[in-house]
file run-v9.tsv (TSV, C-alpha atoms)
chain	number	residue	atom	x	y	z
L	1	MET	CA	120.37	-72.46	283.44
L	2	ALA	CA	124.01	-73.26	284.00
L	3	LEU	CA	126.56	-70.51	284.01
L	4	ARG	CA	128.98	-70.64	281.12
L	5	LYS	CA	132.38	-72.03	282.01
L	6	ARG	CA	135.43	-70.42	280.44
L	7	LYS	CA	137.74	-72.41	278.26
L	8	PRO	CA	141.40	-71.59	277.75
L	9	THR	CA	141.64	-68.51	275.56
L	10	ARG	CA	143.46	-68.16	272.27
L	11	ILE	CA	146.19	-66.29	274.13
L	12	MET	CA	146.75	-69.28	276.40
L	13	GLU	CA	146.78	-71.63	273.43
L	14	LYS	CA	149.31	-69.43	271.63
L	15	ALA	CA	151.38	-69.18	274.80
L	16	LEU	CA	151.56	-72.97	275.03
L	17	LEU	CA	152.75	-73.14	271.43
L	18	ARG	CA	155.36	-70.45	272.07
L	19	TYR	CA	156.49	-72.20	275.23
L	20	SER	CA	157.00	-75.41	273.26
L	21	ALA	CA	159.03	-73.49	270.70
L	22	MET	CA	161.09	-71.78	273.44
L	23	LYS	CA	161.79	-75.18	275.00
L	24	LYS	CA	162.91	-76.62	271.65
L	25	ILE	CA	165.18	-73.65	270.95
L	26	ASP	CA	166.72	-73.90	274.43
L	27	ASP	CA	167.27	-77.64	273.96
L	28	ASP	CA	168.80	-77.13	270.50
L	29	MET	CA	171.16	-74.42	271.80
L	30	CYS	CA	171.92	-76.37	275.00
L	31	ASN	CA	171.40	-73.12	276.85
L	32	GLU	CA	168.52	-71.23	278.46
L	33	ILE	CA	167.86	-68.13	276.38
L	34	ASP	CA	166.66	-64.91	277.99
L	35	TYR	CA	164.08	-63.30	275.67
L	36	GLY	CA	163.65	-60.23	277.87
L	37	GLY	CA	165.49	-56.95	277.74
L	38	PRO	CA	168.01	-55.59	280.21
L	39	GLY	CA	166.67	-55.91	283.76
L	40	ILE	CA	163.57	-57.80	282.56
L	41	PRO	CA	164.31	-61.52	282.60
L	42	LEU	CA	162.05	-63.59	280.36
L	43	THR	CA	163.06	-67.22	280.10
L	44	LYS	CA	160.96	-70.27	279.44
L	45	VAL	CA	160.71	-70.69	283.24
L	46	HIS	CA	159.15	-67.22	283.67
L	47	PHE	CA	156.87	-67.83	280.71
L	48	ASN	CA	155.75	-71.21	282.07
L	49	ARG	CA	155.01	-69.69	285.51
L	50	GLN	CA	152.65	-67.18	283.90
L	51	ILE	CA	150.94	-69.95	281.89
L	52	ASP	CA	150.48	-71.96	285.10
L	53	LEU	CA	149.05	-68.89	286.87
L	54	CYS	CA	146.52	-68.36	284.05
L	55	LYS	CA	145.51	-72.04	284.19
L	56	HIS	CA	145.12	-71.87	287.96
L	57	LEU	CA	142.98	-68.71	287.81
L	58	LEU	CA	140.80	-70.23	285.08
L	59	SER	CA	140.33	-73.36	287.17
L	60	GLU	CA	139.34	-71.30	290.23
L	61	TYR	CA	136.94	-69.25	288.13
L	62	ASN	CA	135.21	-72.36	286.78
L	63	GLU	CA	135.04	-73.84	290.28
L	64	ILE	CA	133.27	-70.72	291.54
L	65	LEU	CA	130.79	-70.96	288.65
L	66	SER	CA	130.06	-74.58	289.59
L	67	LYS	CA	129.30	-73.52	293.16
L	68	ALA	CA	127.08	-70.70	291.87
L	69	ASP	CA	125.21	-73.22	289.69
L	70	GLU	CA	124.62	-75.43	292.75
L	71	LYS	CA	123.23	-72.45	294.69
L	72	ALA	CA	120.99	-71.50	291.75
L	73	VAL	CA	119.49	-75.01	291.78
L	74	LYS	CA	118.88	-74.79	295.54
L	75	ILE	CA	117.26	-71.36	295.15
L	76	LYS	CA	114.98	-72.69	292.41
L	77	GLU	CA	113.92	-75.63	294.62
L	78	ALA	CA	113.27	-73.33	297.61
L	79	GLU	CA	111.22	-70.98	295.44
L	80	GLY	CA	109.17	-73.95	294.19
L	81	ILE	CA	108.36	-74.93	297.77
L	82	LEU	CA	107.51	-71.31	298.59
L	83	SER	CA	105.18	-71.15	295.59
L	84	ASP	CA	103.40	-74.31	296.74
L	85	MET	CA	103.05	-72.86	300.23
L	86	PHE	CA	101.58	-69.65	298.79
L	87	THR	CA	98.99	-71.67	296.89
L	88	SER	CA	98.16	-73.57	300.09
L	89	VAL	CA	97.77	-70.29	302.01
L	90	LEU	CA	95.28	-69.00	299.45
L	91	ALA	CA	93.38	-72.29	299.44
L	92	GLY	CA	93.25	-72.24	303.26
L	93	ALA	CA	92.04	-68.64	303.26
L	94	ILE	CA	89.31	-69.46	300.74
L	95	SER	CA	88.11	-72.40	302.84
L	96	ARG	CA	88.21	-70.35	306.04
L	97	PHE	CA	86.88	-66.95	304.89
L	98	GLY	CA	85.09	-67.77	301.65
L	99	ILE	CA	85.90	-67.15	298.00
L	100	ASP	CA	84.67	-63.56	298.00
L	101	ALA	CA	86.25	-62.41	301.28
L	102	HIS	CA	88.37	-59.27	301.65
L	103	GLU	CA	91.18	-61.40	303.19
L	104	ILE	CA	91.71	-63.09	299.79
L	105	ASN	CA	92.63	-59.67	298.35
L	106	LEU	CA	95.02	-59.01	301.25
L	107	LEU	CA	96.84	-62.28	300.53
L	108	GLY	CA	97.34	-61.36	296.88
L	109	GLY	CA	94.49	-63.38	295.42
L	110	THR	CA	91.51	-62.16	293.42
L	111	ARG	CA	88.07	-62.21	294.95
L	112	LYS	CA	85.40	-63.90	292.87
L	113	SER	CA	83.38	-60.68	292.62
L	114	ASP	CA	86.46	-58.81	291.31
L	115	ARG	CA	87.04	-61.14	288.39
L	116	LYS	CA	86.08	-59.89	284.96
L	117	LYS	CA	83.27	-61.70	283.35
L	118	THR	CA	83.94	-62.63	279.75
L	119	VAL	CA	81.35	-61.33	277.36
L	120	ARG	CA	81.08	-62.87	273.94
L	121	LYS	CA	80.29	-60.55	271.13
L	122	LYS	CA	77.51	-61.52	268.84
L	123	GLU	CA	78.52	-61.81	265.24
L	124	GLU	CA	76.53	-59.68	262.87
L	125	ILE	CA	75.88	-61.09	259.45
call {"tool": "encode", "arguments": {"input": "run-v9.tsv", "output": "structure tokens"}}
result
Amino acid sequence: MALRKRKPTRIMEKALLRYSAMKKIDDDMCNEIDYGGPGIPLTKVHFNRQIDLCKHLLSEYNEILSKADEKAVKIKEAEGILSDMFTSVLAGAISRFGIDAHEINLLGGTRKSDRKKTVRKKEEI
């Protein structure tokens, strides 16, 4: 199961639209407009830097998820091999000690004598 990658959010999409509008307004006025208040500069340059930061962080996040997906696949493969080895251990123990030996229980298997016998009920007419 692959981890879900993040797509650009609505905020980022809106920010790109606003940036385009800010750029057009600046070009129309032939001047860079400061949309911030006193002591808080907010020009299209500042806005674009924040957009780029968000894109970069999103890209890093998705890269980490890809690496996690690769590790998950490797873990699944290793567990498959381990499962096969476990089956082989039980088969080896059965051939060495017998199907009803105590060692089979110790290895996590079920001895033949411990298995439930299915009993069919007779239907009454």
call {"tool": "residues_around", "arguments": {"input": "run-v9.tsv", "residues": "region 58-69 of chain L", "least_positions_apart": "3", "cutoff": "12 Å", "atoms": "only C-alpha atoms", "output": "MDAnalysis selection string"}}
result
chainID L and resid 1:9 12 51:55 72:76
call {"tool": "residues_around", "arguments": {"input": "run-v9.tsv", "residues": "region 82-97 of chain L", "least_positions_apart": "3", "cutoff": "12 Å", "atoms": "all atoms listed in the file", "output": "list in words"}}
result
Ile75, Lys76, Glu77, Ala78, Glu79, Asp100, Ala101, His102, Glu103, Ile104, Asn105, Leu106, Leu107, Gly108, Gly109, Thr110, Arg111 and Lys112 of chain L
call {"tool": "atom_distance", "arguments": {"input": "run-v9.tsv", "atom1": "CA of Arg120 (chain L)", "atom2": "CA of Ile99 (chain L)"}}
result
24.9 Å
call {"tool": "atom_distance", "arguments": {"input": "run-v9.tsv", "atom1": "CA of Lys23 (chain L)", "atom2": "CA of Pro41 (chain L)"}}
result
15.8 Å
call {"tool": "atom_distance", "arguments": {"input": "run-v9.tsv", "atom1": "CA of Glu13 (chain L)", "atom2": "CA of Gly39 (chain L)"}}
result
27.4 Å
call {"tool": "closest_residue", "arguments": {"input": "run-v9.tsv", "among": "L:Phe47, L:Glu70, L:Thr118, L:Gly36", "to": "Arg18 (chain L)", "atoms": "only C-alpha atoms"}}
result
L:Phe47
